[in-house]
$ cat input08.txt   # compact mmCIF, C-alpha atoms and all ligand atoms
# COMPACT_ATOMS: atom_id res chain seq x y z
CA MET A 951 -7.53 -11.15 -19.26
CA ASN A 952 -10.30 -12.34 -17.01
CA ASN A 953 -12.57 -9.74 -15.48
CA GLU A 954 -12.20 -8.11 -12.10
CA TRP A 955 -14.31 -10.73 -10.35
CA ALA A 956 -12.21 -13.75 -11.34
CA PHE A 957 -8.64 -14.57 -10.44
CA LEU A 958 -6.25 -17.43 -10.98
CA PRO A 959 -4.27 -18.62 -7.94
CA MET A 960 -0.78 -17.30 -7.22
CA ARG A 961 1.92 -19.93 -7.10
CA SER A 962 4.23 -20.21 -4.12
CA SER A 963 7.98 -19.85 -4.66
CA ASN A 964 9.05 -21.19 -1.25
CA ASP A 965 10.84 -24.09 -2.95
CA LEU A 966 13.12 -21.64 -4.81
CA ILE A 967 14.52 -19.90 -1.74
CA GLY A 968 18.31 -20.14 -1.85
CA ASP A 969 18.48 -20.56 -5.65
CA ALA A 970 19.06 -17.05 -7.00
CA ASP A 971 18.90 -18.11 -10.68
CA ALA A 972 15.59 -19.87 -10.18
CA ILE A 973 14.18 -16.91 -8.22
CA ARG A 974 15.10 -14.46 -10.98
CA ALA A 975 13.74 -16.76 -13.69
CA ARG A 976 10.42 -17.13 -11.82
CA MET A 977 10.12 -13.36 -11.40
CA GLU A 978 10.76 -12.89 -15.12
CA GLU A 979 8.11 -15.45 -15.95
CA ASP A 980 5.37 -14.46 -13.48
CA SER A 981 5.98 -10.74 -12.65
CA TYR A 982 5.75 -11.65 -8.93
CA LEU A 983 7.14 -13.99 -6.30
CA TYR A 984 4.86 -15.23 -3.57
CA PHE A 985 6.38 -16.73 -0.42
CA GLU A 986 4.13 -18.44 2.12
CA LYS A 987 4.56 -17.98 5.87
CA ILE A 988 8.27 -17.18 5.77
CA LEU A 989 8.32 -14.28 8.27
CA ASP A 990 8.26 -14.76 12.02
CA PRO A 991 4.60 -14.55 13.11
CA GLU A 992 5.55 -13.19 16.54
CA LYS A 993 7.32 -10.21 14.97
CA LEU A 994 4.36 -9.48 12.74
CA LEU A 995 1.86 -9.80 15.55
CA ALA A 996 3.95 -7.38 17.63
CA LEU A 997 3.89 -4.90 14.72
CA ARG A 998 0.14 -5.43 14.28
CA ARG A 999 -0.39 -4.72 17.97
CA ASP A 1000 1.73 -1.56 17.75
CA MET A 1001 -0.12 -0.28 14.69
CA LEU A 1002 -3.58 -1.05 16.03
CA THR A 1003 -2.78 0.43 19.43
CA VAL A 1004 -1.98 3.72 17.69
CA LEU A 1005 -5.19 3.51 15.64
CA ALA A 1006 -7.27 2.64 18.71
CA GLY A 1007 -5.78 5.71 20.40
CA HIS A 1008 -7.12 7.79 17.51
CA GLY A 1009 -10.54 6.12 17.73
CA TRP A 1010 -10.30 4.32 14.38
CA VAL A 1011 -10.50 0.75 15.70
CA LEU A 1012 -11.80 -0.79 18.89
CA GLY A 1013 -9.33 -1.48 21.69
CA GLY A 1014 -9.39 -4.02 24.54
CA ASP A 1015 -10.14 -7.64 23.65
CA LEU A 1016 -11.04 -6.71 20.09
CA LEU A 1017 -7.83 -4.79 19.35
CA MET A 1018 -6.14 -7.47 17.26
CA ASP A 1019 -9.29 -7.99 15.17
CA ALA A 1020 -8.96 -4.45 13.74
CA VAL A 1021 -12.67 -3.75 14.13
CA VAL A 1022 -13.37 -0.36 12.61
CA GLY A 1023 -15.63 1.12 15.24
CA GLY A 1024 -15.10 4.83 14.72
CA ASP A 1025 -14.42 7.36 12.02
CA THR A 1026 -11.69 6.34 9.65
CA TYR A 1027 -10.10 8.38 6.97
CA HIS A 1028 -8.36 7.63 3.73
CA GLU A 1029 -5.08 9.02 2.45
CA ASP A 1030 -6.96 11.55 0.35
CA GLN A 1031 -8.35 13.24 3.47
CA GLU A 1032 -6.34 15.64 5.65
CA GLU A 1033 -7.74 14.05 8.82
CA PHE A 1034 -5.93 10.84 7.91
CA LEU A 1035 -2.51 12.21 8.70
CA ASP A 1036 -2.57 12.49 12.51
CA ALA A 1037 -3.04 8.77 13.01
CA TYR A 1038 -0.96 7.79 10.00
CA ASN A 1039 2.01 9.91 11.03
CA ALA A 1040 1.94 8.25 14.45
CA VAL A 1041 1.94 4.80 12.82
CA GLN A 1042 4.87 5.94 10.70
CA ARG A 1043 6.88 6.67 13.84
CA LEU A 1044 6.82 3.02 14.98
CA GLU A 1045 10.25 1.49 15.32
CA SER A 1046 8.80 -1.99 14.71
CA LEU A 1047 7.54 -0.86 11.28
CA HIS A 1048 10.90 0.36 10.01
CA THR A 1049 12.79 -2.52 11.62
CA LEU A 1050 10.75 -5.17 9.77
CA ALA A 1051 12.16 -3.99 6.41
CA HIS A 1052 15.61 -5.11 7.60
CA ASP A 1053 14.50 -8.59 8.60
CA PRO A 1054 17.32 -10.91 7.43
CA LEU A 1055 14.80 -13.11 5.62
CA LEU A 1056 13.71 -10.17 3.49
CA THR A 1057 17.15 -8.68 2.87
CA ASN A 1058 18.46 -12.11 2.02
CA LEU A 1059 15.71 -12.76 -0.50
CA MET A 1060 16.28 -9.33 -2.02
CA GLY A 1061 19.99 -10.11 -2.23
CA GLN A 1062 19.16 -13.26 -4.22
CA LEU A 1063 16.91 -11.26 -6.54
CA LEU A 1064 18.76 -7.95 -6.90
CA GLY A 1065 22.32 -8.87 -5.99
CA ASP A 1066 24.44 -8.37 -2.90
CA GLY A 1067 24.03 -5.03 -1.19
CA ALA A 1068 20.34 -4.58 -2.14
CA PHE A 1069 18.73 -2.34 0.47
CA PRO A 1070 15.30 -1.07 1.54
CA HIS A 1071 14.36 2.53 0.79
CA PRO A 1072 14.07 4.74 3.87
CA LEU A 1073 10.46 5.38 2.72
CA LYS A 1074 8.23 2.74 4.31
CA ILE A 1075 4.52 2.60 3.52
CA CYS A 1076 1.54 1.34 5.53
CA ARG A 1077 -1.89 0.73 4.05
CA LEU A 1078 -4.90 0.89 6.36
CA ALA A 1079 -7.89 -0.10 4.23
CA ALA A 1080 -11.26 0.27 5.91
CA PRO A 1081 -14.42 -1.41 4.61
CA GLY A 1082 -16.93 0.65 2.63
CA GLN A 1083 -14.30 2.70 0.80
CA HIS A 1084 -14.32 1.05 -2.61
CA GLU A 1085 -13.89 4.31 -4.52
CA VAL A 1086 -10.39 4.56 -3.06
CA THR A 1087 -9.35 0.94 -3.40
CA THR A 1088 -5.84 0.84 -4.88
CA PRO A 1089 -6.28 0.75 -8.68
CA PRO A 1090 -4.21 -1.28 -11.18
CA HIS A 1091 -0.89 0.53 -11.31
CA GLN A 1092 2.86 0.18 -11.68
CA ASP A 1093 5.10 1.44 -8.88
CA TYR A 1094 7.60 3.03 -11.26
CA PRO A 1095 5.83 6.38 -11.91
CA ASN A 1096 5.51 7.20 -8.20
CA ASN A 1097 9.07 6.12 -7.35
CA GLN A 1098 11.15 6.18 -10.54
CA GLY A 1099 14.94 5.79 -10.22
CA THR A 1100 15.26 2.23 -11.52
CA PRO A 1101 12.72 -0.25 -12.93
CA ASP A 1102 14.56 -2.91 -10.88
CA LEU A 1103 13.11 -1.36 -7.73
CA THR A 1104 11.22 -4.24 -6.12
CA ALA A 1105 8.32 -4.01 -3.70
CA ALA A 1106 7.66 -6.31 -0.78
CA TRP A 1107 3.94 -6.26 0.07
CA ILE A 1108 3.38 -7.80 3.50
CA PRO A 1109 0.01 -8.28 5.19
CA VAL A 1110 0.26 -7.50 8.90
CA GLY A 1111 -2.25 -10.20 9.86
CA ASP A 1112 -4.11 -12.81 7.82
CA CYS A 1113 -5.44 -11.16 4.69
CA PRO A 1114 -7.94 -13.28 2.78
CA ARG A 1115 -9.44 -12.01 -0.46
CA GLU A 1116 -12.48 -10.47 1.26
CA LEU A 1117 -10.26 -8.21 3.35
CA GLY A 1118 -8.95 -6.60 0.17
CA CYS A 1119 -5.57 -8.19 -0.51
CA ILE A 1120 -3.33 -7.50 -3.51
CA ALA A 1121 -3.71 -9.03 -6.97
CA VAL A 1122 -1.06 -9.03 -9.69
CA LEU A 1123 -1.50 -8.93 -13.46
CA ARG A 1124 0.77 -11.84 -14.34
CA GLY A 1125 3.24 -11.07 -17.14
CA SER A 1126 2.50 -7.34 -17.07
CA HIS A 1127 6.04 -6.15 -16.25
CA ARG A 1128 7.08 -7.15 -19.78
CA TYR A 1129 4.81 -4.49 -21.32
CA GLY A 1130 6.99 -1.53 -20.33
CA LEU A 1131 5.87 1.70 -18.75
CA LEU A 1132 2.11 2.26 -19.26
CA PRO A 1133 0.23 5.57 -19.65
CA LEU A 1134 -1.39 7.03 -16.53
CA ALA A 1135 -4.94 8.12 -15.74
CA ILE A 1136 -6.32 9.72 -12.60
CA HIS A 1137 -7.67 7.65 -9.73
CA ARG A 1138 -8.66 8.30 -6.11
CA GLY A 1139 -6.97 5.22 -4.63
CA ALA A 1140 -3.47 4.83 -3.18
CA GLY A 1141 -0.88 6.24 -5.56
CA LYS A 1142 -3.60 8.41 -7.12
CA ARG A 1143 -2.92 7.26 -10.64
CA GLN A 1144 -3.88 4.09 -12.47
CA ALA A 1145 -2.13 2.35 -15.33
CA VAL A 1146 -4.00 2.42 -18.63
CA LEU A 1147 -3.94 -1.19 -19.81
CA ASN A 1148 -3.72 -1.80 -23.55
CA ASP A 1149 -5.80 -4.22 -25.64
CA GLU A 1150 -3.02 -6.77 -25.95
CA MET A 1151 -2.67 -6.98 -22.17
CA LEU A 1152 -6.43 -7.22 -21.74
CA GLU A 1153 -6.47 -10.06 -24.23
CA ASP A 1154 -3.47 -12.04 -23.04
CA LEU A 1155 -2.90 -11.62 -19.33
CA HIS A 1156 -4.55 -12.95 -16.18
CA TRP A 1157 -4.95 -11.51 -12.71
CA VAL A 1158 -3.71 -13.74 -9.92
CA THR A 1159 -4.19 -13.56 -6.17
CA THR A 1160 -4.51 -15.72 -3.08
CA ASP A 1161 -5.79 -15.68 0.49
CA PHE A 1162 -2.73 -14.28 2.24
CA SER A 1163 -1.72 -15.48 5.71
CA LEU A 1164 0.36 -13.95 8.46
CA GLY A 1165 4.03 -14.33 7.47
CA ASP A 1166 3.44 -14.26 3.70
CA VAL A 1167 5.47 -11.95 1.46
CA LEU A 1168 4.71 -10.84 -2.10
CA LEU A 1169 7.52 -9.38 -4.22
CA PHE A 1170 7.17 -7.62 -7.58
CA PRO A 1171 9.27 -5.21 -9.66
CA SER A 1172 8.20 -1.66 -10.39
CA LEU A 1173 6.70 -2.36 -13.83
CA THR A 1174 4.36 -5.11 -12.59
CA VAL A 1175 0.71 -4.03 -12.67
CA HIS A 1176 -0.95 -4.75 -9.33
CA ALA A 1177 -4.08 -3.62 -7.52
CA ALA A 1178 -6.00 -4.19 -4.30
CA LEU A 1179 -9.35 -5.96 -4.08
CA ASN A 1180 -12.13 -4.09 -2.31
CA ASN A 1181 -12.32 -4.64 1.42
CA ALA A 1182 -15.67 -6.41 1.39
CA THR A 1183 -15.85 -7.19 5.11
CA GLU A 1184 -18.40 -5.43 7.27
CA PHE A 1185 -16.12 -4.22 10.04
CA ASN A 1186 -12.47 -5.15 9.65
CA MET A 1187 -9.52 -3.07 8.55
CA ARG A 1188 -6.86 -4.47 6.24
CA VAL A 1189 -3.43 -3.64 7.62
CA SER A 1190 -0.38 -4.12 5.40
CA VAL A 1191 3.01 -2.62 4.68
CA ASP A 1192 5.01 -1.99 1.51
CA PHE A 1193 8.77 -1.77 1.49
CA ARG A 1194 10.74 -1.06 -1.67
CA TYR A 1195 14.26 -2.41 -2.25
CA GLN A 1196 16.80 -1.62 -4.86
CA PRO A 1197 20.14 -2.83 -6.14
CA LYS A 1198 23.28 -1.34 -4.76
CA GLY A 1199 24.52 1.57 -6.87
CA ALA A 1200 21.21 2.13 -8.73
CA PRO A 1201 19.60 5.58 -8.98
CA LEU A 1202 16.72 6.64 -6.75
CA THR A 1203 14.63 9.81 -6.42
CA PRO A 1204 14.54 12.13 -3.37
CA ILE A 1205 10.99 11.04 -2.47
CA CYS A 1206 12.31 7.53 -1.62
CA LEU A 1207 14.58 9.07 1.00
CA GLU A 1208 11.74 10.84 2.86
CA PRO A 1209 9.15 9.60 5.35
CA HIS A 1210 5.89 8.69 3.58
CA PHE A 1211 3.85 11.78 2.65
CA GLN A 1212 6.76 14.01 3.69
CA ARG A 1213 4.81 15.54 6.57
CA GLN A 1214 7.41 14.83 9.26
CA THR A 1215 11.17 14.61 9.57
CA TRP A 1216 13.35 11.61 10.34
CA GLU A 1217 14.03 13.24 13.71
CA ASP A 1218 10.27 13.12 14.38
CA ILE A 1219 10.16 9.48 13.28
CA TYR A 1220 13.11 8.38 15.39
CA GLU A 1221 12.05 10.05 18.62
CA GLY A 1222 11.86 7.48 21.43
CA TRP A 1223 13.32 4.56 19.47
CA SER A 1224 15.22 2.01 21.55
CA SER A 1225 17.98 1.45 18.97
CA THR A 1226 19.85 3.57 16.45
CA GLU A 1227 20.77 0.59 14.26
CA TYR A 1228 18.27 1.36 11.48
CA GLN A 1229 18.31 5.13 11.76
CA TYR A 1230 19.86 6.93 8.77
CA TYR A 1231 21.29 3.57 7.63
CA TRP A 1232 21.19 4.67 3.95
CA ARG A 1233 23.69 7.47 4.40
CA ASP A 1234 26.60 5.04 4.06
CA LEU A 1235 25.10 3.12 1.14
CA ASP A 1236 25.86 3.30 -2.55
CA PHE A 1237 23.19 5.01 -4.74
CA GLU A 1238 22.77 8.01 -6.99
CA VAL A 1239 19.99 10.55 -6.37
CA VAL A 1240 18.19 11.58 -9.59
CA PRO A 1241 15.35 14.10 -10.05
CA PHE A 1242 11.69 13.04 -9.92
CA GLU A 1243 10.03 13.57 -13.31
CA THR A 1244 6.44 14.68 -13.84
CA PHE A 1245 4.67 12.22 -16.15
CA PRO A 1246 1.55 13.18 -18.12
CA VAL A 1247 -1.72 12.01 -16.56
CA GLN A 1248 -5.02 11.66 -18.40
CA GLY A 1249 -7.99 13.35 -16.76
CA MET A 1250 -8.75 16.23 -14.48
CA ARG A 1251 -5.89 15.60 -12.10
CA ASP A 1252 -3.64 17.15 -14.79
CA ASN A 1253 -5.22 20.46 -13.95
CA ILE A 1254 -4.26 20.76 -10.33
CA GLY A 1255 -0.50 20.59 -10.56
CA TYR A 1256 -0.55 17.25 -8.76
CA GLU A 1257 3.01 15.98 -8.48
CA GLY A 1258 2.19 12.33 -8.02
CA ASP A 1259 3.68 12.13 -4.56
CA GLY A 1260 0.56 10.59 -3.04
CA ARG A 1261 -0.46 13.54 -0.89
CA ALA A 1262 -4.07 14.21 -0.07
CA PHE A 1263 -5.65 14.68 -3.47
CA GLU A 1264 -9.30 15.38 -2.66
CA SER A 1265 -8.34 18.01 -0.11
CA ALA A 1266 -5.90 19.64 -2.51
CA LEU A 1267 -8.55 19.67 -5.19
CA ARG A 1268 -11.24 21.08 -2.90
CA ASP A 1269 -8.91 23.86 -1.69
CA GLN A 1270 -7.93 24.79 -5.21
CA VAL A 1271 -11.50 24.84 -6.47
CA ILE A 1272 -12.53 27.05 -3.55
CA ALA A 1273 -9.53 29.33 -4.12
CA GLY A 1274 -10.55 29.62 -7.78
CA SER A 1275 -7.20 28.36 -9.06
CA VAL A 1276 -8.80 25.33 -10.71
CA GLU A 1277 -11.98 25.11 -12.67
CA LEU A 1278 -13.79 21.82 -12.61
CA ASP A 1279 -16.71 21.30 -14.88
CA PRO A 1280 -19.94 20.83 -12.93
CA GLU A 1281 -20.04 17.09 -13.70
CA ASP A 1282 -16.59 16.50 -12.13
CA TRP A 1283 -17.43 18.66 -9.13
CA ARG A 1284 -20.73 16.84 -8.61
CA GLU A 1285 -18.87 13.53 -8.72
CA VAL A 1286 -16.36 14.64 -6.08
CA LEU A 1287 -19.12 15.79 -3.73
CA THR A 1288 -21.31 12.75 -4.33
CA ILE A 1289 -18.49 10.34 -3.58
CA GLU A 1290 -17.53 12.19 -0.41
CA ALA A 1291 -21.16 12.15 0.77
CA ARG A 1292 -21.56 8.45 0.02
CA ARG A 1293 -18.41 7.52 1.86
CA ALA A 1294 -19.47 9.57 4.88
CA ALA A 1295 -22.92 7.93 4.89
CA ARG A 1296 -21.39 4.45 4.72
CA ASN A 1297 -19.09 5.35 7.58
CA GLU A 1298 -22.08 6.37 9.72
CA ARG A 1299 -23.96 3.16 8.90
CA ARG A 1300 -20.94 1.06 9.83
CA LYS A 1301 -20.46 2.88 13.13
CA THR A 1302 -24.12 2.32 14.01
CA ALA A 1303 -23.91 -1.36 13.06
CA VAL A 1304 -20.78 -1.88 15.20
CA ALA A 1305 -22.42 -0.14 18.16
CA GLU A 1306 -25.51 -2.36 17.78
CA ARG A 1307 -23.39 -5.52 17.65
CA LEU A 1308 -21.48 -4.46 20.74
CA ALA A 1309 -24.75 -3.91 22.59
CA GLU A 1310 -25.92 -7.46 21.80
CA PRO A 1311 -25.55 -9.81 24.77
CA ALA A 1312 -22.32 -11.86 24.78
CA ALA A 1313 -21.31 -10.46 21.47
CA GLY A 1314 -18.78 -8.30 19.75
CA PRO A 1315 -18.78 -7.67 16.07
CA SER A 1316 -17.90 -10.97 14.41
CA THR A 1317 -14.63 -10.81 12.58
CA ASP A 1318 -15.21 -13.69 10.24
CA GLU A 1319 -17.68 -12.29 7.76
O1 LIG A 1401 -1.91 -2.16 -0.31
C1 LIG A 1401 -2.41 -1.40 -1.13
O2 LIG A 1401 -3.62 -1.14 -1.19
C2 LIG A 1401 -1.53 -0.72 -2.12
C3 LIG A 1401 -0.16 -1.25 -2.13
C4 LIG A 1401 0.51 -0.84 -3.41
O3 LIG A 1401 0.17 -1.31 -4.44
C5 LIG A 1401 1.52 0.20 -3.40
O4 LIG A 1401 1.82 0.77 -2.35
O5 LIG A 1401 2.06 0.44 -4.50
$ encode --input "input08.txt" --output "structure tokens"
Amino acid sequence: MNNEWAFLPMRSSNDLIGDADAIRARMEEDSYLYFEKILDPEKLLALRRDMLTVLAGHGWVLGGDLLMDAVVGGDTYHEDQEEFLDAYNAVQRLESLHTLAHDPLLTNLMGQLLGDGAFPHPLKICRLAAPGQHEVTTPPHQDYPNNQGTPDLTAAWIPVGDCPRELGCIAVLRGSHRYGLLPLAIHRGAGKRQAVLNDEMLEDLHWVTTDFSLGDVLLFPSLTVHAALNNATEFNMRVSVDFRYQPKGAPLTPICLEPHFQRQTWEDIYEGWSSTEYQYYWRDLDFEVVPFETFPVQGMRDNIGYEGDGRAFESALRDQVIAGSVELDPEDWREVLTIEARRAARNERRKTAVAERLAEPAAGPSTDE
């Protein structure tokens, strides 16, 4: 495997659309399918505008003429911080977000891959990756442990805007889904747990990625190891969504039937929607609900009863340490505090830099670092 600074290009599978056998064979060979510019840009731009309008309302990004550039001008939070949830829950309530998962182009592709009747989970995920947060960049992981149900579960990762490498797009470890379910270790990034890669994988496999454009779609099954690159831009947020699909009749776990992070109800989510077409659509579908299992995790996260459901880890840890229900050794505790302090300091520096750029005559923060 090459190191984390070097990647081979992803290959496009646009030419296979409509040929289910070829699509399945390519997925088996590569562990991913990359489709270029297949989704309607207008739909995606409308979703981007909706998401960024919510975030601008919470002071995360600048509004006005700079809205669509996703310039991170204020405080931003990551999923591991309680403060994250106000803005995130509001993004989760967007009708345009949930509707995109039912786009005929996507459901059709999933039908070719997973068979007729494949459907998106009610759970829809957004990722809002600010610059200067590399400790919480999504680590190499498989989706299976956090979803379970069936290994055929297939993710669609969709950038909501152009997403070149420097904005922190997704990379895939090509061939990795053939290595089965990997052990888990703790991590601060999305999903909170990373896959422990074995020597054979490190020797034989290569990471692949590309500069993603608006309209691109990346598909991969739940045993494919994938990760995000750091958002290396100075000021811009990476905005993307993840939808998971599964074959008709396959098992799924209760978490896949809930809104992301389980902090609001479907009634909350649906309030104010213009259409009921995609509300509770799964109730008439064919699937079996199976229990979510707790898998062993290497490292201190074992100690806090963390259930792997992606909820705010650092906050949970801090509360439990303060309550005395968890003992961290001083080294671990120092690491938690140091990382929090560094992230806060970087946030302050970024806010100052954005303010200075805005004060420059005829300027705004450049968005093409
Ligand atoms: O976009 C990201 O950073 C993470 C997406 C992902 O890998 C996931 O949700 O499983």
$ residues_near_ligand --input "input08.txt" --ligand "ligand LIG 1401 (chain A)" --cutoff "6 Å" --atoms "only C-alpha atoms and all ligand atoms" --output "list in words"
Arg1077, Thr1088, Asp1093, Ala1140, Ala1177, Ala1178 and Asp1192 of chain A
$ residues_near_point --input "input08.txt" --point "(10.1, 3.1, -9.1)" --cutoff "9 Å" --atoms "only C-alpha atoms" --output "list in words"
Gln1092, Asp1093, Tyr1094, Pro1095, Asn1096, Asn1097, Gln1098, Gly1099, Thr1100, Pro1101, Asp1102, Leu1103, Thr1104, Pro1171, Ser1172, Leu1173, Arg1194, Leu1202, Thr1203 and Cys1206 of chain A
$ atom_distance --input "input08.txt" --atom1 "CA of Asp969 in chain A" --atom2 "CA of Val1158 in chain A"
23.6 Å
$ closest_residue --input "input08.txt" --among "A:Leu1169, A:Cys1076, A:Ile1108, A:Val1239" --to "Val1122 in chain A" --atoms "only C-alpha atoms"
A:Leu1169
$ closest_residue --input "input08.txt" --among "A:Glu1032, A:Asp990, A:Asp1066, A:Asp971" --to "Tyr1195 in chain A" --atoms "all atoms listed in the file"
A:Asp1066
$ residues_around --input "input08.txt" --residues "range 1006-1017 of chain A" --least-positions-apart "3" --cutoff "10 Å" --atoms "all atoms listed in the file" --output "compact mmCIF listing (two decimals) with C-alpha atoms, in the coordinates of the input"
# COMPACT_ATOMS: atom_id res chain seq x y z
CA ARG A 998 0.14 -5.43 14.28
CA ARG A 999 -0.39 -4.72 17.97
CA ASP A 1000 1.73 -1.56 17.75
CA MET A 1001 -0.12 -0.28 14.69
CA LEU A 1002 -3.58 -1.05 16.03
CA THR A 1003 -2.78 0.43 19.43
CA ALA A 1020 -8.96 -4.45 13.74
CA VAL A 1021 -12.67 -3.75 14.13
CA VAL A 1022 -13.37 -0.36 12.61
CA GLY A 1023 -15.63 1.12 15.24
CA GLY A 1024 -15.10 4.83 14.72
CA ASP A 1025 -14.42 7.36 12.02
CA THR A 1026 -11.69 6.34 9.65
CA TYR A 1027 -10.10 8.38 6.97
CA ASP A 1036 -2.57 12.49 12.51
CA ALA A 1037 -3.04 8.77 13.01
CA TYR A 1038 -0.96 7.79 10.00
CA ALA A 1040 1.94 8.25 14.45
CA ALA A 1080 -11.26 0.27 5.91
CA PHE A 1185 -16.12 -4.22 10.04
CA ASN A 1186 -12.47 -5.15 9.65
CA MET A 1187 -9.52 -3.07 8.55
CA VAL A 1304 -20.78 -1.88 15.20
CA GLY A 1314 -18.78 -8.30 19.75
CA PRO A 1315 -18.78 -7.67 16.07
CA SER A 1316 -17.90 -10.97 14.41
CA THR A 1317 -14.63 -10.81 12.58
$ atom_distance --input "input08.txt" --atom1 "CA of Val1146 in chain A" --atom2 "CA of Pro1209 in chain A"
28.3 Å
$ axis_aligned_box --input "input08.txt" --around "range 1009-1021 of chain A" --padding-each-side "5 Å" --output "JSON"
{"center_x": -9.4, "center_y": -0.9, "center_z": 19.1, "size_x": 16.5, "size_y": 24.1, "size_z": 20.8}
